Each structure stands twice: as C-alpha cells, then as structure tokens.
$ cat work_20.txt   # compact mmCIF, N, CA and C atoms and all ligand atoms
# COMPACT_ATOMS: atom_id res chain seq x y z
N MET A 1 101.12 -158.34 -177.55
CA MET A 1 102.38 -157.79 -177.02
C MET A 1 102.20 -156.32 -176.65
N SER A 2 102.75 -155.93 -175.51
CA SER A 2 102.59 -154.55 -175.05
C SER A 2 103.54 -153.61 -175.81
N ASN A 3 103.23 -152.32 -175.77
CA ASN A 3 104.12 -151.32 -176.37
C ASN A 3 105.52 -151.43 -175.77
N GLU A 4 105.57 -151.64 -174.47
CA GLU A 4 106.86 -151.70 -173.76
C GLU A 4 107.72 -152.86 -174.27
N GLU A 5 107.07 -154.02 -174.46
CA GLU A 5 107.81 -155.20 -174.96
C GLU A 5 108.30 -154.95 -176.39
N LEU A 6 107.44 -154.30 -177.19
CA LEU A 6 107.82 -154.03 -178.59
C LEU A 6 109.00 -153.06 -178.63
N ILE A 7 108.98 -152.07 -177.76
CA ILE A 7 110.08 -151.09 -177.68
C ILE A 7 111.38 -151.79 -177.26
N GLU A 8 111.26 -152.66 -176.27
CA GLU A 8 112.44 -153.40 -175.79
C GLU A 8 113.06 -154.20 -176.95
N THR A 9 112.21 -154.79 -177.77
CA THR A 9 112.68 -155.58 -178.92
C THR A 9 113.35 -154.67 -179.95
N ALA A 10 112.79 -153.48 -180.16
CA ALA A 10 113.41 -152.53 -181.10
C ALA A 10 114.77 -152.07 -180.59
N LEU A 11 114.86 -151.84 -179.30
CA LEU A 11 116.14 -151.40 -178.70
C LEU A 11 117.20 -152.49 -178.85
N LYS A 12 116.79 -153.75 -178.72
CA LYS A 12 117.74 -154.87 -178.90
C LYS A 12 118.18 -154.96 -180.36
N ALA A 13 117.22 -154.80 -181.28
CA ALA A 13 117.53 -154.88 -182.71
C ALA A 13 118.50 -153.76 -183.11
N ARG A 14 118.39 -152.65 -182.44
CA ARG A 14 119.26 -151.49 -182.71
C ARG A 14 120.74 -151.83 -182.50
N GLU A 15 120.99 -152.78 -181.61
CA GLU A 15 122.38 -153.17 -181.34
C GLU A 15 123.04 -153.78 -182.58
N PHE A 16 122.22 -154.29 -183.52
CA PHE A 16 122.77 -154.90 -184.74
C PHE A 16 122.95 -153.88 -185.87
N SER A 17 122.58 -152.63 -185.63
CA SER A 17 122.69 -151.59 -186.66
C SER A 17 124.07 -151.61 -187.31
N TYR A 18 124.07 -151.61 -188.65
CA TYR A 18 125.33 -151.50 -189.38
C TYR A 18 125.37 -150.09 -189.97
N SER A 19 125.99 -149.18 -189.23
CA SER A 19 125.94 -147.76 -189.62
C SER A 19 127.30 -147.08 -189.44
N PRO A 20 128.34 -147.61 -190.12
CA PRO A 20 129.68 -147.04 -189.94
C PRO A 20 129.81 -145.63 -190.52
N TYR A 21 128.89 -145.21 -191.39
CA TYR A 21 129.03 -143.90 -192.06
C TYR A 21 128.29 -142.80 -191.30
N SER A 22 127.03 -143.02 -191.01
CA SER A 22 126.28 -141.98 -190.28
C SER A 22 126.49 -142.12 -188.76
N LYS A 23 126.78 -143.33 -188.33
CA LYS A 23 126.88 -143.66 -186.90
C LYS A 23 125.54 -143.47 -186.16
N PHE A 24 124.48 -143.35 -186.94
CA PHE A 24 123.14 -143.20 -186.37
C PHE A 24 122.49 -144.58 -186.37
N LYS A 25 122.25 -145.11 -185.16
CA LYS A 25 121.79 -146.49 -185.04
C LYS A 25 120.28 -146.54 -184.85
N VAL A 26 119.62 -147.33 -185.71
CA VAL A 26 118.17 -147.44 -185.61
C VAL A 26 117.77 -148.91 -185.49
N GLY A 27 116.80 -149.15 -184.63
CA GLY A 27 116.23 -150.49 -184.49
C GLY A 27 114.72 -150.41 -184.61
N ALA A 28 114.12 -151.48 -185.14
CA ALA A 28 112.66 -151.50 -185.29
C ALA A 28 112.14 -152.87 -184.92
N ALA A 29 110.91 -152.89 -184.41
CA ALA A 29 110.23 -154.16 -184.12
C ALA A 29 108.81 -154.04 -184.66
N LEU A 30 108.50 -154.90 -185.62
CA LEU A 30 107.23 -154.84 -186.34
C LEU A 30 106.33 -155.98 -185.85
N LEU A 31 105.16 -155.61 -185.35
CA LEU A 31 104.21 -156.59 -184.82
C LEU A 31 103.17 -156.94 -185.88
N ALA A 32 103.12 -158.22 -186.25
CA ALA A 32 102.11 -158.69 -187.21
C ALA A 32 100.81 -158.97 -186.46
N LYS A 33 99.72 -159.03 -187.22
CA LYS A 33 98.41 -159.25 -186.57
C LYS A 33 98.33 -160.60 -185.87
N ASN A 34 99.13 -161.57 -186.35
CA ASN A 34 99.11 -162.90 -185.72
C ASN A 34 100.00 -162.98 -184.47
N GLY A 35 100.59 -161.85 -184.09
CA GLY A 35 101.39 -161.82 -182.86
C GLY A 35 102.89 -161.97 -183.06
N LYS A 36 103.28 -162.35 -184.31
CA LYS A 36 104.73 -162.51 -184.56
C LYS A 36 105.40 -161.15 -184.66
N VAL A 37 106.67 -161.09 -184.25
CA VAL A 37 107.42 -159.84 -184.29
C VAL A 37 108.62 -160.01 -185.22
N TYR A 38 108.80 -159.05 -186.12
CA TYR A 38 109.93 -159.05 -187.04
C TYR A 38 110.81 -157.85 -186.70
N THR A 39 112.08 -158.10 -186.51
CA THR A 39 112.98 -157.01 -186.14
C THR A 39 113.72 -156.49 -187.37
N GLY A 40 114.27 -155.29 -187.24
CA GLY A 40 115.09 -154.72 -188.31
C GLY A 40 116.06 -153.70 -187.75
N CYS A 41 117.15 -153.51 -188.47
CA CYS A 41 118.09 -152.43 -188.12
C CYS A 41 118.47 -151.74 -189.43
N ASN A 42 119.05 -150.55 -189.32
CA ASN A 42 119.52 -149.90 -190.55
C ASN A 42 120.81 -150.54 -191.00
N ILE A 43 120.95 -150.64 -192.31
CA ILE A 43 122.12 -151.28 -192.92
C ILE A 43 122.66 -150.32 -193.97
N GLU A 44 123.84 -149.79 -193.74
CA GLU A 44 124.40 -148.78 -194.64
C GLU A 44 125.35 -149.41 -195.66
N SER A 45 125.76 -148.58 -196.61
CA SER A 45 126.63 -149.05 -197.69
C SER A 45 127.67 -147.98 -197.98
N ALA A 46 128.88 -148.42 -198.35
CA ALA A 46 129.95 -147.48 -198.70
C ALA A 46 129.54 -146.59 -199.88
N SER A 47 128.64 -147.08 -200.70
CA SER A 47 128.17 -146.24 -201.81
C SER A 47 126.86 -145.52 -201.46
N TYR A 48 126.53 -145.52 -200.18
CA TYR A 48 125.41 -144.76 -199.58
C TYR A 48 124.00 -145.13 -200.06
N THR A 49 123.76 -145.07 -201.38
CA THR A 49 122.39 -145.24 -201.89
C THR A 49 121.72 -146.54 -201.45
N PRO A 50 122.43 -147.67 -201.42
CA PRO A 50 121.73 -148.91 -201.04
C PRO A 50 121.32 -148.99 -199.57
N THR A 51 121.64 -147.99 -198.79
CA THR A 51 121.29 -148.00 -197.37
C THR A 51 119.82 -148.34 -197.16
N ASN A 52 119.57 -149.22 -196.21
CA ASN A 52 118.18 -149.60 -195.90
C ASN A 52 117.86 -149.22 -194.46
N CYS A 53 116.73 -148.56 -194.28
CA CYS A 53 116.32 -148.15 -192.94
C CYS A 53 115.87 -149.36 -192.11
N ALA A 54 115.90 -149.20 -190.80
CA ALA A 54 115.49 -150.26 -189.89
C ALA A 54 114.04 -150.70 -190.15
N GLU A 55 113.18 -149.73 -190.38
CA GLU A 55 111.75 -150.04 -190.57
C GLU A 55 111.55 -150.91 -191.82
N ARG A 56 112.23 -150.52 -192.91
CA ARG A 56 112.06 -151.30 -194.14
C ARG A 56 112.70 -152.67 -194.02
N THR A 57 113.80 -152.76 -193.29
CA THR A 57 114.40 -154.08 -193.07
C THR A 57 113.37 -154.99 -192.41
N ALA A 58 112.69 -154.48 -191.39
CA ALA A 58 111.69 -155.28 -190.67
C ALA A 58 110.53 -155.66 -191.61
N PHE A 59 110.03 -154.69 -192.36
CA PHE A 59 108.92 -154.97 -193.29
C PHE A 59 109.31 -155.99 -194.35
N PHE A 60 110.51 -155.83 -194.90
CA PHE A 60 110.89 -156.73 -196.01
C PHE A 60 111.17 -158.13 -195.50
N LYS A 61 111.69 -158.23 -194.28
CA LYS A 61 111.85 -159.56 -193.69
C LYS A 61 110.48 -160.21 -193.55
N ALA A 62 109.52 -159.46 -193.01
CA ALA A 62 108.19 -160.01 -192.74
C ALA A 62 107.47 -160.39 -194.03
N VAL A 63 107.45 -159.46 -194.97
CA VAL A 63 106.71 -159.71 -196.21
C VAL A 63 107.35 -160.87 -196.98
N SER A 64 108.67 -160.96 -196.92
CA SER A 64 109.36 -162.05 -197.64
C SER A 64 109.13 -163.41 -196.98
N GLU A 65 108.55 -163.39 -195.79
CA GLU A 65 108.22 -164.65 -195.12
C GLU A 65 106.71 -164.90 -195.15
N GLY A 66 106.00 -164.12 -195.97
CA GLY A 66 104.57 -164.39 -196.19
C GLY A 66 103.63 -163.55 -195.35
N GLU A 67 104.18 -162.71 -194.47
CA GLU A 67 103.34 -161.87 -193.61
C GLU A 67 102.74 -160.74 -194.44
N ARG A 68 101.44 -160.43 -194.18
CA ARG A 68 100.82 -159.34 -194.94
C ARG A 68 100.02 -158.39 -194.05
N GLU A 69 99.77 -158.78 -192.82
CA GLU A 69 98.90 -157.95 -191.97
C GLU A 69 99.65 -157.51 -190.73
N PHE A 70 99.62 -156.19 -190.49
CA PHE A 70 100.44 -155.64 -189.42
C PHE A 70 99.64 -154.74 -188.49
N GLU A 71 100.11 -154.70 -187.27
CA GLU A 71 99.39 -153.95 -186.23
C GLU A 71 100.15 -152.70 -185.78
N ALA A 72 101.47 -152.86 -185.58
CA ALA A 72 102.25 -151.75 -185.02
C ALA A 72 103.73 -151.93 -185.28
N ILE A 73 104.47 -150.80 -185.19
CA ILE A 73 105.93 -150.87 -185.27
C ILE A 73 106.51 -149.95 -184.20
N ALA A 74 107.55 -150.44 -183.52
CA ALA A 74 108.29 -149.60 -182.57
C ALA A 74 109.63 -149.27 -183.20
N ILE A 75 110.06 -148.02 -183.02
CA ILE A 75 111.31 -147.52 -183.62
C ILE A 75 112.12 -146.81 -182.55
N ALA A 76 113.43 -147.10 -182.54
CA ALA A 76 114.32 -146.38 -181.62
C ALA A 76 115.60 -146.05 -182.39
N GLY A 77 115.98 -144.77 -182.36
CA GLY A 77 117.18 -144.38 -183.11
C GLY A 77 117.97 -143.30 -182.41
N GLY A 78 119.26 -143.24 -182.73
CA GLY A 78 120.12 -142.20 -182.17
C GLY A 78 121.58 -142.58 -182.30
N TYR A 79 122.44 -141.63 -181.94
CA TYR A 79 123.87 -141.91 -181.96
C TYR A 79 124.23 -142.81 -180.79
N ASP A 80 125.51 -143.14 -180.67
CA ASP A 80 125.99 -144.09 -179.66
C ASP A 80 125.31 -143.94 -178.29
N GLY A 81 125.09 -145.04 -177.64
CA GLY A 81 124.43 -145.01 -176.33
C GLY A 81 122.92 -145.07 -176.48
N ALA A 82 122.24 -144.86 -175.40
CA ALA A 82 120.78 -144.92 -175.43
C ALA A 82 120.22 -143.73 -176.21
N PRO A 83 119.09 -143.92 -176.92
CA PRO A 83 118.49 -142.81 -177.65
C PRO A 83 118.12 -141.65 -176.71
N THR A 84 118.28 -140.43 -177.21
CA THR A 84 117.95 -139.25 -176.40
C THR A 84 116.84 -138.43 -177.04
N GLU A 85 116.56 -138.74 -178.33
CA GLU A 85 115.49 -138.01 -179.02
C GLU A 85 114.60 -138.98 -179.78
N TYR A 86 113.41 -138.53 -180.13
CA TYR A 86 112.51 -139.38 -180.92
C TYR A 86 112.99 -139.44 -182.36
N SER A 87 113.01 -140.64 -182.92
CA SER A 87 113.44 -140.84 -184.30
C SER A 87 112.21 -141.27 -185.11
N TYR A 88 111.84 -140.45 -186.07
CA TYR A 88 110.63 -140.72 -186.85
C TYR A 88 110.96 -141.41 -188.16
N PRO A 89 110.04 -142.22 -188.68
CA PRO A 89 110.32 -142.91 -189.94
C PRO A 89 110.43 -141.94 -191.12
N CYS A 90 111.36 -142.21 -192.01
CA CYS A 90 111.55 -141.35 -193.19
C CYS A 90 110.36 -141.52 -194.14
N GLY A 91 110.30 -140.67 -195.13
CA GLY A 91 109.18 -140.69 -196.08
C GLY A 91 109.07 -142.00 -196.85
N VAL A 92 110.22 -142.56 -197.21
CA VAL A 92 110.19 -143.82 -197.98
C VAL A 92 109.60 -144.93 -197.11
N CYS A 93 109.99 -144.98 -195.85
CA CYS A 93 109.45 -146.02 -194.94
C CYS A 93 107.96 -145.81 -194.71
N ARG A 94 107.53 -144.58 -194.61
CA ARG A 94 106.09 -144.31 -194.43
C ARG A 94 105.31 -144.84 -195.63
N GLN A 95 105.90 -144.66 -196.81
CA GLN A 95 105.22 -145.13 -198.02
C GLN A 95 105.16 -146.66 -198.05
N VAL A 96 106.20 -147.32 -197.58
CA VAL A 96 106.18 -148.80 -197.51
C VAL A 96 105.11 -149.25 -196.52
N MET A 97 104.98 -148.53 -195.41
CA MET A 97 103.93 -148.85 -194.44
C MET A 97 102.56 -148.73 -195.10
N MET A 98 102.41 -147.69 -195.92
CA MET A 98 101.15 -147.41 -196.62
C MET A 98 100.74 -148.58 -197.53
N GLU A 99 101.74 -149.28 -198.01
CA GLU A 99 101.48 -150.41 -198.92
C GLU A 99 100.82 -151.58 -198.18
N PHE A 100 101.21 -151.78 -196.93
CA PHE A 100 100.80 -153.00 -196.22
C PHE A 100 99.91 -152.77 -195.01
N CYS A 101 99.72 -151.51 -194.63
CA CYS A 101 99.02 -151.27 -193.35
C CYS A 101 97.79 -150.39 -193.54
N ASN A 102 96.85 -150.57 -192.63
CA ASN A 102 95.67 -149.71 -192.61
C ASN A 102 96.07 -148.39 -191.95
N PRO A 103 95.99 -147.27 -192.71
CA PRO A 103 96.47 -146.00 -192.15
C PRO A 103 95.72 -145.55 -190.90
N LYS A 104 94.48 -145.99 -190.77
CA LYS A 104 93.69 -145.54 -189.60
C LYS A 104 94.02 -146.33 -188.33
N SER A 105 94.53 -147.55 -188.49
CA SER A 105 94.74 -148.37 -187.28
C SER A 105 96.20 -148.76 -187.04
N PHE A 106 97.06 -148.68 -188.06
CA PHE A 106 98.45 -149.08 -187.84
C PHE A 106 99.13 -148.06 -186.93
N ARG A 107 99.77 -148.57 -185.86
CA ARG A 107 100.37 -147.70 -184.84
C ARG A 107 101.88 -147.61 -185.02
N ILE A 108 102.38 -146.40 -185.01
CA ILE A 108 103.83 -146.16 -185.09
C ILE A 108 104.27 -145.61 -183.73
N ILE A 109 105.17 -146.35 -183.12
CA ILE A 109 105.64 -145.99 -181.78
C ILE A 109 107.09 -145.59 -181.88
N THR A 110 107.37 -144.32 -181.67
CA THR A 110 108.77 -143.89 -181.69
C THR A 110 109.21 -143.68 -180.24
N ALA A 111 110.34 -144.33 -179.89
CA ALA A 111 110.68 -144.46 -178.48
C ALA A 111 112.08 -143.94 -178.14
N ILE A 112 112.14 -143.34 -176.97
CA ILE A 112 113.43 -143.01 -176.37
C ILE A 112 113.78 -144.15 -175.40
N SER A 113 112.76 -144.65 -174.74
CA SER A 113 112.92 -145.76 -173.80
C SER A 113 111.56 -146.43 -173.65
N LYS A 114 111.51 -147.47 -172.83
CA LYS A 114 110.24 -148.18 -172.59
C LYS A 114 109.20 -147.25 -171.97
N GLU A 115 109.68 -146.28 -171.23
CA GLU A 115 108.77 -145.38 -170.50
C GLU A 115 108.42 -144.14 -171.33
N LYS A 116 109.34 -143.74 -172.22
CA LYS A 116 109.15 -142.49 -172.97
C LYS A 116 108.96 -142.79 -174.45
N TYR A 117 107.74 -142.67 -174.90
CA TYR A 117 107.49 -142.91 -176.33
C TYR A 117 106.27 -142.13 -176.80
N ILE A 118 106.20 -141.96 -178.13
CA ILE A 118 105.07 -141.28 -178.75
C ILE A 118 104.41 -142.28 -179.69
N GLU A 119 103.10 -142.34 -179.64
CA GLU A 119 102.39 -143.26 -180.52
C GLU A 119 101.48 -142.48 -181.46
N MET A 120 101.56 -142.79 -182.74
CA MET A 120 100.72 -142.13 -183.74
C MET A 120 100.21 -143.18 -184.73
N THR A 121 99.10 -142.87 -185.39
CA THR A 121 98.66 -143.79 -186.45
C THR A 121 99.43 -143.44 -187.73
N LEU A 122 99.39 -144.38 -188.67
CA LEU A 122 100.04 -144.10 -189.97
C LEU A 122 99.38 -142.89 -190.64
N GLU A 123 98.09 -142.77 -190.49
CA GLU A 123 97.39 -141.62 -191.10
C GLU A 123 97.87 -140.29 -190.52
N GLU A 124 98.15 -140.29 -189.23
CA GLU A 124 98.67 -139.06 -188.62
C GLU A 124 100.09 -138.77 -189.12
N MET A 125 100.84 -139.83 -189.34
CA MET A 125 102.23 -139.69 -189.77
C MET A 125 102.34 -139.39 -191.27
N LEU A 126 101.36 -139.88 -192.02
CA LEU A 126 101.36 -139.66 -193.48
C LEU A 126 99.96 -139.26 -193.92
N PRO A 127 99.61 -137.99 -193.71
CA PRO A 127 98.25 -137.55 -194.09
C PRO A 127 98.08 -137.57 -195.60
N CYS A 128 96.86 -137.86 -196.04
CA CYS A 128 96.54 -137.88 -197.48
C CYS A 128 97.48 -138.80 -198.25
N GLY A 129 97.81 -139.93 -197.65
CA GLY A 129 98.73 -140.86 -198.31
C GLY A 129 98.12 -141.52 -199.53
N PHE A 130 98.98 -142.00 -200.40
CA PHE A 130 98.56 -142.72 -201.61
C PHE A 130 98.91 -144.19 -201.41
N GLY A 131 97.93 -145.06 -201.53
CA GLY A 131 98.19 -146.48 -201.29
C GLY A 131 97.40 -147.37 -202.23
N PRO A 132 97.43 -148.66 -201.97
CA PRO A 132 96.78 -149.64 -202.84
C PRO A 132 95.30 -149.33 -203.09
N SER A 133 94.62 -148.72 -202.12
CA SER A 133 93.18 -148.47 -202.31
C SER A 133 92.93 -147.34 -203.31
N ASN A 134 93.96 -146.63 -203.70
CA ASN A 134 93.81 -145.55 -204.68
C ASN A 134 93.92 -146.07 -206.13
N LEU A 135 94.27 -147.32 -206.27
CA LEU A 135 94.44 -147.87 -207.63
C LEU A 135 93.35 -148.89 -207.94
N1 LIG A 201 117.33 -144.36 -190.75
C1 LIG A 201 116.51 -145.39 -190.40
O1 LIG A 201 116.96 -146.53 -190.19
N2 LIG A 201 115.19 -145.13 -190.27
C2 LIG A 201 114.61 -143.92 -190.50
O2 LIG A 201 113.40 -143.83 -190.55
C3 LIG A 201 115.47 -142.74 -190.65
C4 LIG A 201 116.87 -143.02 -191.01
C5 LIG A 201 118.76 -144.64 -190.91
C6 LIG A 201 119.26 -144.58 -192.32
C7 LIG A 201 120.73 -144.26 -192.12
O3 LIG A 201 121.42 -145.47 -191.91
C8 LIG A 201 120.77 -143.47 -190.83
O4 LIG A 201 119.53 -143.69 -190.18
C9 LIG A 201 120.98 -141.98 -191.03
O5 LIG A 201 120.08 -141.47 -191.94
$ encode --input "work_20.txt" --output "structure tokens" --more "lines below"
Ligand code: THU
Amino acid sequence: MSNEELIETALKAREFSYSPYSKFKVGAALLAKNGKVYTGCNIESASYTPTNCAERTAFFKAVSEGEREFEAIAIAGGYDGAPTEYSYPCGVCRQVMMEFCNPKSFRIITAISKEKYIEMTLEEMLPCGFGPSNL
C-alpha cells in the first residue's frame, strides 16, 4: 500500500473521532507487514484520563486480533475541517510503537493531506528508546 493510500485511510478514520472535549480529531491507519490495515481514532472520556489516542486505538485493535508485525502508520489530526498542521504521536503512543515495531524500519507518516506529509522512522521519533530488546 502506498503512503498516499494509507493517509487517505487515516483521514477517513479521523471522521469517527470521538472528541467532544478537546475537539481535536485524530485518525490513524496502521499497516501490518502482511498488508492488512487497522484504523483508529481518538476516543475521549468525560473523566479525561481514559482517553485513547488514535494511534493506540489502531495498535490495540491490531494486536488484539493477533497482529504482531508492523510496517508503517499514517496519522492525521487537527480541529474541525481538514488538517492544517502536522500532528505527531504523543510519548505514550511512541512507547507502544516501541513495543511492537523495529525502530530502524517502522515508518511514521504524519499528514496534512495525501500530498503533504512528513515521514520519519520510529528511531528518529523516539531516540534512545527502551523496548523489548532491552530486557
Ligand atoms: N491525540 C491523539 O489521538 N494522538 C496523539 O498522538 C496526540 C493526541 C488525541 C488525544 C485527545 O483526544 C486529543 O488528541 C487532544 O489531545
């Protein structure tokens, strides 16, 4: 799957964002090594703490269905309407990525649109990360 297709999927997933408190809508599309794509959106809570980011929603859906190997994730976030700025994964989501992904090859694509995006590896996004190989 191309970066553009993955971004398009993240933008569609963003439409399902449940974010009545922050009004910041995030969508993610996680590409597994076998070609399957798992989508996610942010899901907020009136008590705030249980809020789940779009990236983790996608990871937890995938892992709970037996997926363990991942290639890339596309992320699109912003207030109402089309995204206007790049939305980067929070620290907690980066750590979840570290659990399941190879930091040198896993690609994180943060997108404003299909044409405008930044691609980085997990290692670039989380330098000196701590993961399963450290234990
Ligand atoms: N959010 C994500 O979904 N992903 C991130 O990586 C950053 C933040 C969500 C959580 C919350 O619903 C809203 O954006 C504002 O923080």
$ residues_near_ligand --input "work_20.txt" --ligand "ligand LIG 201 (chain A)" --cutoff "7 Å" --atoms "only C-alpha atoms and all ligand atoms" --output "list in words"
Ser19, Ser22, Phe24, Lys25, Val26, Gly27, Cys41, Asn42, Ile43, Glu44, Thr51, Asn52, Cys53, Ala54, Glu55, Ser87, Tyr88, Pro89, Cys90 and Cys93 of chain A
$ residues_around --input "work_20.txt" --residues "A:Ala13" --least-positions-apart "3" --cutoff "6.5 Å" --atoms "all atoms listed in the file" --output "JSON, numbers by chain"
{"A": [8, 9, 10, 16, 17, 26, 27, 28, 39, 40, 41]}
$ select_by_dssp --input "work_20.txt" --residues "chain A" --states "strand (DSSP E)" --output "PyMOL selection string"
chain A and resi 25-32+37-41+70-78+107-111+117-121
$ atom_distance --input "work_20.txt" --atom1 "atom CA of A:Ala32" --atom2 "atom CA of A:Glu99"
14.4 Å
$ closest_residue --input "work_20.txt" --among "A:Leu31, A:Ile7, A:Ser2, A:Pro127" --to "A:Ala111" --atoms "only C-alpha atoms"
A:Ile7
$ atom_distance --input "work_20.txt" --atom1 "atom CA of A:Leu6" --atom2 "atom N of A:Thr110"
10.2 Å
$ select_by_dssp --input "work_20.txt" --residues "stretch 5-98 of chain A" --states "helix (DSSP H, G or I)" --output "ChimeraX atom specification"
/A:5-14,54-64,91-98
$ closest_residue --input "work_20.txt" --among "A:Cys101, A:Val96, A:Tyr48, A:Lys36" --to "A:Arg68" --atoms "only N, CA and C atoms"
A:Cys101
$ closest_residue --input "work_20.txt" --among "A:Ser113, A:Leu30, A:Met97, A:Ala46" --to "A:Ala74" --atoms "only N, CA and C atoms"
A:Leu30
